[in-house]
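Asker: I have a structure I would like to understand better, so I am pasting it below and will then ask my questions one at a time.
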Amino acid sequence: MGENSVRVHVRYYNILRDIVGRGEEDLTIARGTTLRSLLGGVIARKHPEAEAMLLLRSGEVSPYTRFFRNNRLVDEGNLADPLEDGDEILVFPAVGGG
Amino acid sequence: MYLDIDPNRCTGCRICEVFCSFKHEAAIYPFKSRIKVVQGDETALFIPTTCRQCEDPKCVAACPTGALSRDPDTGAILVDEDACTGCEACIEACPFGAMALDTERGVAYTCDLCAGDPECARLCPTGAIQVVSERDPIRSTGGE
Amino acid sequence: MFPYKAYAGKYLRVNLTTGDIRVKELEADLAENWLGGNGFGVKILWDEVNRDVDPLAPENRLIIATGPICATLMPNSGRVEVISKSPLTGIYGDANAGGMFGPELKFAGYDMIILEGRSPQPAYLRIKDDLVELRSAEHVWGNGVSEAEKLITDELQDDAIKFATIGPAGENQVRYASIQLTPNRSAARSGMGAVMGSKNLKCVAVRGLGKIGIAHPEEFYRLSYDAHKKLLKNEFYGSVSRYGTAGLVALMNQMGRFPTKNFQMGSFPYAEDIGAETLRDRYFVHDLACFNCPIACDKLYRVNDGAFAGTVTSSFEYETLGSLGAGVWNNNLASILRANVLCDDLGLDTISAGRTIAFMMELWEKGIITAADTGGVAFEWGDYKIMLDLLPKIAHREGLGDLLAKGTRRIAVQIGRGAEQYAMQVKGQEIAAQDGRAQKSMGLAHVTSTRGADHLKAFPVIDETGYPSEAVRRYGDQYMPELVDPLATRYKPMLVKDGEDFGAVIDSSGNCKSGGTFVLAEIYWQEMADAISTATGMAMTVERLKTIGERIYNLQRCYGVLHGIGRKDDRLPPRFKDEPSPSGHARGQTLDVQPLLDEYYQLRGWDVATGIPTREKLRELGLEDAAERLGIE
């Protein structure tokens, strides 16, 4: 990896997988990119069809989407954390019941 | 207008039957729905079946009293209930089973395209039923 | 004349011993106070099936009840409830199913069927509008559900019949036997199939060509139309519609809420092998819907290759992926599909069946049972061949199947030697695919459910992972943020109680909880009150509806109290308190329901020491006679 970039692995589940068009991908992002920027900036820009699911109209991350970073559930406070090389991010759209 | 029906999108929910019957009979009465979801086979599990507004309607041709005609705006088959004798000739003639006899009133009935705003298409959640102005030449036979 | 619309206005009383069939007019006060479904069911059980009646005796009643919203315009209006005294728990039992049977019964002209007695010979009940008759089922008895329905369809020359059928499991009175309803939906929990089998009744075959009228058509149409459209726009619609409940596997796994190895863990390392994405990619054929439902969460699946090629199934749910997958350490997805086919055709609850097998596997692992006990069968984790071999044996009560047919509580008592602590059950019914350590509200729900361990009575969904928008929409700001934290216990007794009361109304109305009422949380108290009043013409307010929900739930509890249930029975197996979860978001978590029970009983207006409804509460609900009967001062 270059000094100024990190590589993360993202997995998409359920209907998000269909909207994005794939179940997973590697993304190379600028070092210091936060989780919020990854979701709102990188992913939403790369997959504009998924934007409505990931973001509110305000640009804030949707409260309906669930994220895990290295198997830890991400809460609002974690959205400002910078990502590190090799991080695995799981993205789930709203699902419930049962 | 025509109803373009894609059986591949049909889930068998029968929302069309529920709302069609409610619109026409003021009750939830799937037996009297003008559209019926017919059980298919592996190639198409569910087939919503209704009048196809045939180019050359066999029902109209078969009717001995001239009770059947086409709506000039929508193309739907209309039944003149005063002229209809309940003879069921149209029911026999329809190749798609889209004509039925209302046994309570003794007259034939079929899809009237809801005077231009088909209820089934309004409610169908999957887009299996859509209103089109021209028939899909591959999917629809129009009775030919 | 029954004064309300939307109901069919009539019901059937069938005495299977004498063959007597009566058509009764629905009593207005029954509808006004108990609504339908499980409300009707508990009232009839309370009045007619006393403490001394064995669930498998002729005197038990089997009640099949729809509700006022069933077969109307409101979305997800296809549900029907089956109620009886449960052979699995010995207390109040019920099971709910979607599909097409419930609406067909209403179109035939009946809100409910009450069955009592026992037919001298195997029989089935045939209904076609006004025609109601008992017919011999000798020629179909012994058949799987599929074959039996095919034979009767041929016999009656009508391929549009809707069925409620038992398989060999019900015939042989397996304590967790199901009733299967067209098309392949399961009224699975509480052993309702065993009650039907004990009555020598193979199936109910219905054809309904009639109609359901509406009191205020324009208003009811408007709110129903809006409800249909709102569901399509709901945030949960996309995934639930495309993947069904299987879509829960990966997320619940991450949360540590996917019971694995008989609840030793809350995550399954091979969850991806049995998750929704794998399932859809490999085996999906077609979407399937229940009556008047825009969500269509059911799917047809087919296995095209491998050892289970040719397996075709539907109604393949998260629960089954849990109980016959992760619960038994099985990651062979095709084998779980095959097991689903077996359970559906034999008529077995996949949850209790899978949990019973998992229980045996843990006993084997712990050395509590050995080859001497099992006749050489090695209950090794992950051995799906044993699972597939045992399911028919359970249904036919052959060999080991006879023991397993009793359910985990009875097996534990029979085996002794410390087996009891590994029986993952509450009040005799096995816990479903939720780990209470990962979702504290659900752990409480398992304990307070009136039919024994079950997730659907209270069905807390908003805090499975935590959806603040849904929580605020239903409950306002006042309970945030803890209300949506799955690991928090604060406010959860409130969530559970409200879920139970609202759920009692949904299960009385003929609506679906997996649809717009709980999972896609668009329809709540106000919407239901409006739907019921505009559909039926009954004056219905939110306050009145809440009272009805509370009344139903309290009487179900009273029925349990009648049979000796109290606080002492409101407990989880020790694992939840003693063994911190090793899994996912729930790592390190334990659950002690005792403090939650205190608050729950207070909210319910029940005695905190005993867990029994107080006389004041019962009086408030118009159930003072229940207080009398239970000797509550």
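Lettering and numbering for the structure tokens are positional, with chains as A, B, ... in the shown order, residues counted from 1 in each chain, and ligands counted from 1 in the shown order.
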Might you pull out every residue within 12 Å of Thr65 (chain B), with only C-alpha atoms counted and same-chain residues fewer than 2 positions away left off, and present them as number ranges by chain?
Answerer: B: 59-63, 67-69, 79-90
Asker: Give me the residues of region 172-259 of chain C that have any atom at most 9 Å from an atom of region 51-69 of chain A; for each, the nearest atom pair and the distance in Å, rounded to one decimal. Use only C-alpha atoms, sort by chain and number, and format it as a Markdown table.
Answerer:
| residue | atom | partner | partner_atom | distance |
| --- | --- | --- | --- | --- |
| C:Glu235 | CA | A:Tyr64 | CA | 7.2 |
| C:Phe236 | CA | A:Tyr64 | CA | 8.5 |
| C:Leu251 | CA | A:Arg66 | CA | 8.5 |
| C:Gln254 | CA | A:Phe68 | CA | 8.1 |
Asker: Counting only C-alpha atoms, which residues of chain C sit at most 6 Å from some atom of chain A, and what is each one's closest atom pair with its distance in Å to one decimal, listed by chain and rising residue number, as a Markdown table?
Answerer:
| residue | atom | partner | partner_atom | distance |
| --- | --- | --- | --- | --- |
| C:Phe236 | CA | A:Ala94 | CA | 5.1 |
| C:Gly238 | CA | A:Ile15 | CA | 5.8 |
| C:Ser239 | CA | A:Ile15 | CA | 4.8 |
| C:Val461 | CA | A:Gly97 | CA | 5.6 |
| C:Val519 | CA | A:Gly97 | CA | 5.3 |
Asker: May I have the residues from that selection written out with C-alpha atoms, as a compact mmCIF listing (two decimals), in the first residue's frame?
Answerer:
# COMPACT_ATOMS: atom_id res chain seq x y z
CA PHE C 236 -37.35 -2.92 5.46
CA GLY C 238 -36.41 -4.34 0.02
CA SER C 239 -34.57 -7.01 1.97
CA VAL C 461 -38.04 -6.17 16.50
CA VAL C 519 -41.35 -5.98 10.95
Asker: Skipping near chain neighbours, those fewer than 6 positions away, what residues fall within 6 Å of region 29-41 of chain A using only C-alpha atoms, listed as a PyMOL selection string?
Answerer: chain A and resi 4-6+79-83
Asker: With all heavy atoms retained, export the selected residues as an mmCIF file, in the first residue's frame.
Answerer:
data_model
loop_
_atom_site.group_PDB
_atom_site.id
_atom_site.type_symbol
_atom_site.label_atom_id
_atom_site.label_comp_id
_atom_site.auth_asym_id
_atom_site.auth_seq_id
_atom_site.Cartn_x
_atom_site.Cartn_y
_atom_site.Cartn_z
ATOM 1 N N ASN A 4 -0.058 7.013 1.405
ATOM 2 C CA ASN A 4 -1.225 7.890 1.576
ATOM 3 C C ASN A 4 -2.535 7.180 1.383
ATOM 4 O O ASN A 4 -3.583 7.818 1.379
ATOM 5 C CB ASN A 4 -1.129 9.066 0.592
ATOM 6 C CG ASN A 4 0.060 9.924 0.946
ATOM 7 O OD1 ASN A 4 0.300 10.190 2.109
ATOM 8 N ND2 ASN A 4 0.810 10.337 -0.069
ATOM 9 N N SER A 5 -2.472 5.848 1.203
ATOM 10 C CA SER A 5 -3.741 5.153 1.001
ATOM 11 C C SER A 5 -3.786 3.890 1.833
ATOM 12 O O SER A 5 -2.764 3.363 2.259
ATOM 13 C CB SER A 5 -3.941 4.835 -0.480
ATOM 14 O OG SER A 5 -2.860 4.047 -0.930
ATOM 15 N N VAL A 6 -5.003 3.469 2.085
ATOM 16 C CA VAL A 6 -5.214 2.196 2.758
ATOM 17 C C VAL A 6 -6.226 1.385 1.942
ATOM 18 O O VAL A 6 -6.952 1.947 1.126
ATOM 19 C CB VAL A 6 -5.771 2.374 4.195
ATOM 20 C CG1 VAL A 6 -4.774 3.097 5.066
ATOM 21 C CG2 VAL A 6 -7.106 3.084 4.181
ATOM 22 N N LEU A 79 -18.324 6.540 13.794
ATOM 23 C CA LEU A 79 -18.326 6.933 12.384
ATOM 24 C C LEU A 79 -17.171 7.864 12.054
ATOM 25 O O LEU A 79 -16.762 7.980 10.898
ATOM 26 C CB LEU A 79 -19.662 7.596 12.014
ATOM 27 C CG LEU A 79 -20.854 6.648 11.914
ATOM 28 C CD1 LEU A 79 -22.147 7.438 11.661
ATOM 29 C CD2 LEU A 79 -20.654 5.624 10.801
ATOM 30 N N ALA A 80 -16.641 8.524 13.054
ATOM 31 C CA ALA A 80 -15.540 9.471 12.812
ATOM 32 C C ALA A 80 -14.175 8.808 12.919
ATOM 33 O O ALA A 80 -13.143 9.462 12.724
ATOM 34 C CB ALA A 80 -15.639 10.612 13.816
ATOM 35 N N ASP A 81 -14.162 7.496 13.204
ATOM 36 C CA ASP A 81 -12.864 6.816 13.325
ATOM 37 C C ASP A 81 -12.201 6.685 11.959
ATOM 38 O O ASP A 81 -12.858 6.340 10.980
ATOM 39 C CB ASP A 81 -13.060 5.410 13.907
ATOM 40 C CG ASP A 81 -13.584 5.456 15.337
ATOM 41 O OD1 ASP A 81 -13.515 6.532 15.964
ATOM 42 O OD2 ASP A 81 -14.066 4.412 15.813
ATOM 43 N N PRO A 82 -10.890 6.882 11.894
ATOM 44 C CA PRO A 82 -10.199 6.665 10.613
ATOM 45 C C PRO A 82 -10.019 5.177 10.362
ATOM 46 O O PRO A 82 -9.728 4.404 11.280
ATOM 47 C CB PRO A 82 -8.846 7.348 10.820
ATOM 48 C CG PRO A 82 -8.650 7.386 12.286
ATOM 49 C CD PRO A 82 -9.991 7.355 12.947
ATOM 50 N N LEU A 83 -10.176 4.785 9.115
ATOM 51 C CA LEU A 83 -10.029 3.376 8.759
ATOM 52 C C LEU A 83 -8.561 3.013 8.640
ATOM 53 O O LEU A 83 -7.719 3.863 8.366
ATOM 54 C CB LEU A 83 -10.768 3.110 7.449
ATOM 55 C CG LEU A 83 -12.278 3.238 7.593
ATOM 56 C CD1 LEU A 83 -12.945 3.434 6.246
ATOM 57 C CD2 LEU A 83 -12.840 2.000 8.270
#
Asker: Residues of chain C that approach chain B to 6 Å or less, counting only C-alpha atoms: could you list each one with the shortest pair of atoms and its distance in Å to one decimal, rows by chain and increasing residue number, as CSV?
Answerer:
residue,atom,partner,partner_atom,distance
C:Leu209,CA,B:Phe31,CA,5.6
C:Lys211,CA,B:Tyr29,CA,4.4
C:Ile212,CA,B:Ile28,CA,5.0
C:Gly213,CA,B:Ala27,CA,4.7
C:Asp287,CA,B:Thr11,CA,5.5
C:Leu288,CA,B:Thr11,CA,4.6
C:Ala289,CA,B:Cys13,CA,4.8
C:Cys290,CA,B:Cys13,CA,5.5
C:Phe291,CA,B:Cys13,CA,5.1
C:Asn292,CA,B:Ile15,CA,4.6
C:Cys293,CA,B:Cys13,CA,5.7
C:Pro294,CA,B:Pro125,CA,5.3
Asker: Could you list, as a list of chain:residue names, every residue within 7 Å of Pro48 (chain B), counting only C-alpha atoms and ignoring same-chain residues fewer than 3 positions away?
Answerer: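 Listed by chain and then number, they are B:Pro7, B:Ile35, B:Lys36, B:Val37, B:Val38.
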Asker: Only N, CA and C atoms, please: the residues just picked out, written as a JSON list (two decimals), in the first residue's frame.
Answerer:
[["chain", "number", "residue", "atom", "x", "y", "z"],
["B", 7, "PRO", "N", -46.46, -13.02, -16.12],
["B", 7, "PRO", "CA", -46.64, -14.04, -15.08],
["B", 7, "PRO", "C", -45.38, -14.28, -14.25],
["B", 35, "ILE", "N", -60.43, -10.57, -12.72],
["B", 35, "ILE", "CA", -59.09, -11.11, -12.98],
["B", 35, "ILE", "C", -58.84, -12.22, -11.96],
["B", 36, "LYS", "N", -58.36, -13.33, -12.43],
["B", 36, "LYS", "CA", -58.15, -14.46, -11.53],
["B", 36, "LYS", "C", -56.71, -14.96, -11.69],
["B", 37, "VAL", "N", -56.10, -15.27, -10.56],
["B", 37, "VAL", "CA", -54.75, -15.83, -10.63],
["B", 37, "VAL", "C", -54.90, -17.34, -10.78],
["B", 38, "VAL", "N", -54.50, -17.82, -11.91],
["B", 38, "VAL", "CA", -54.63, -19.24, -12.20],
["B", 38, "VAL", "C", -53.30, -19.93, -11.88]]
Asker: Please give the complete set of residues from region 291-455 of chain C that DSSP, run on the backbone, assigns to alpha helix (DSSP H), formatted as a PyMOL selection string.
Answerer: chain C and resi 318-323+333-346+350-365+371-374+384-395+400-404+408-415+440-448
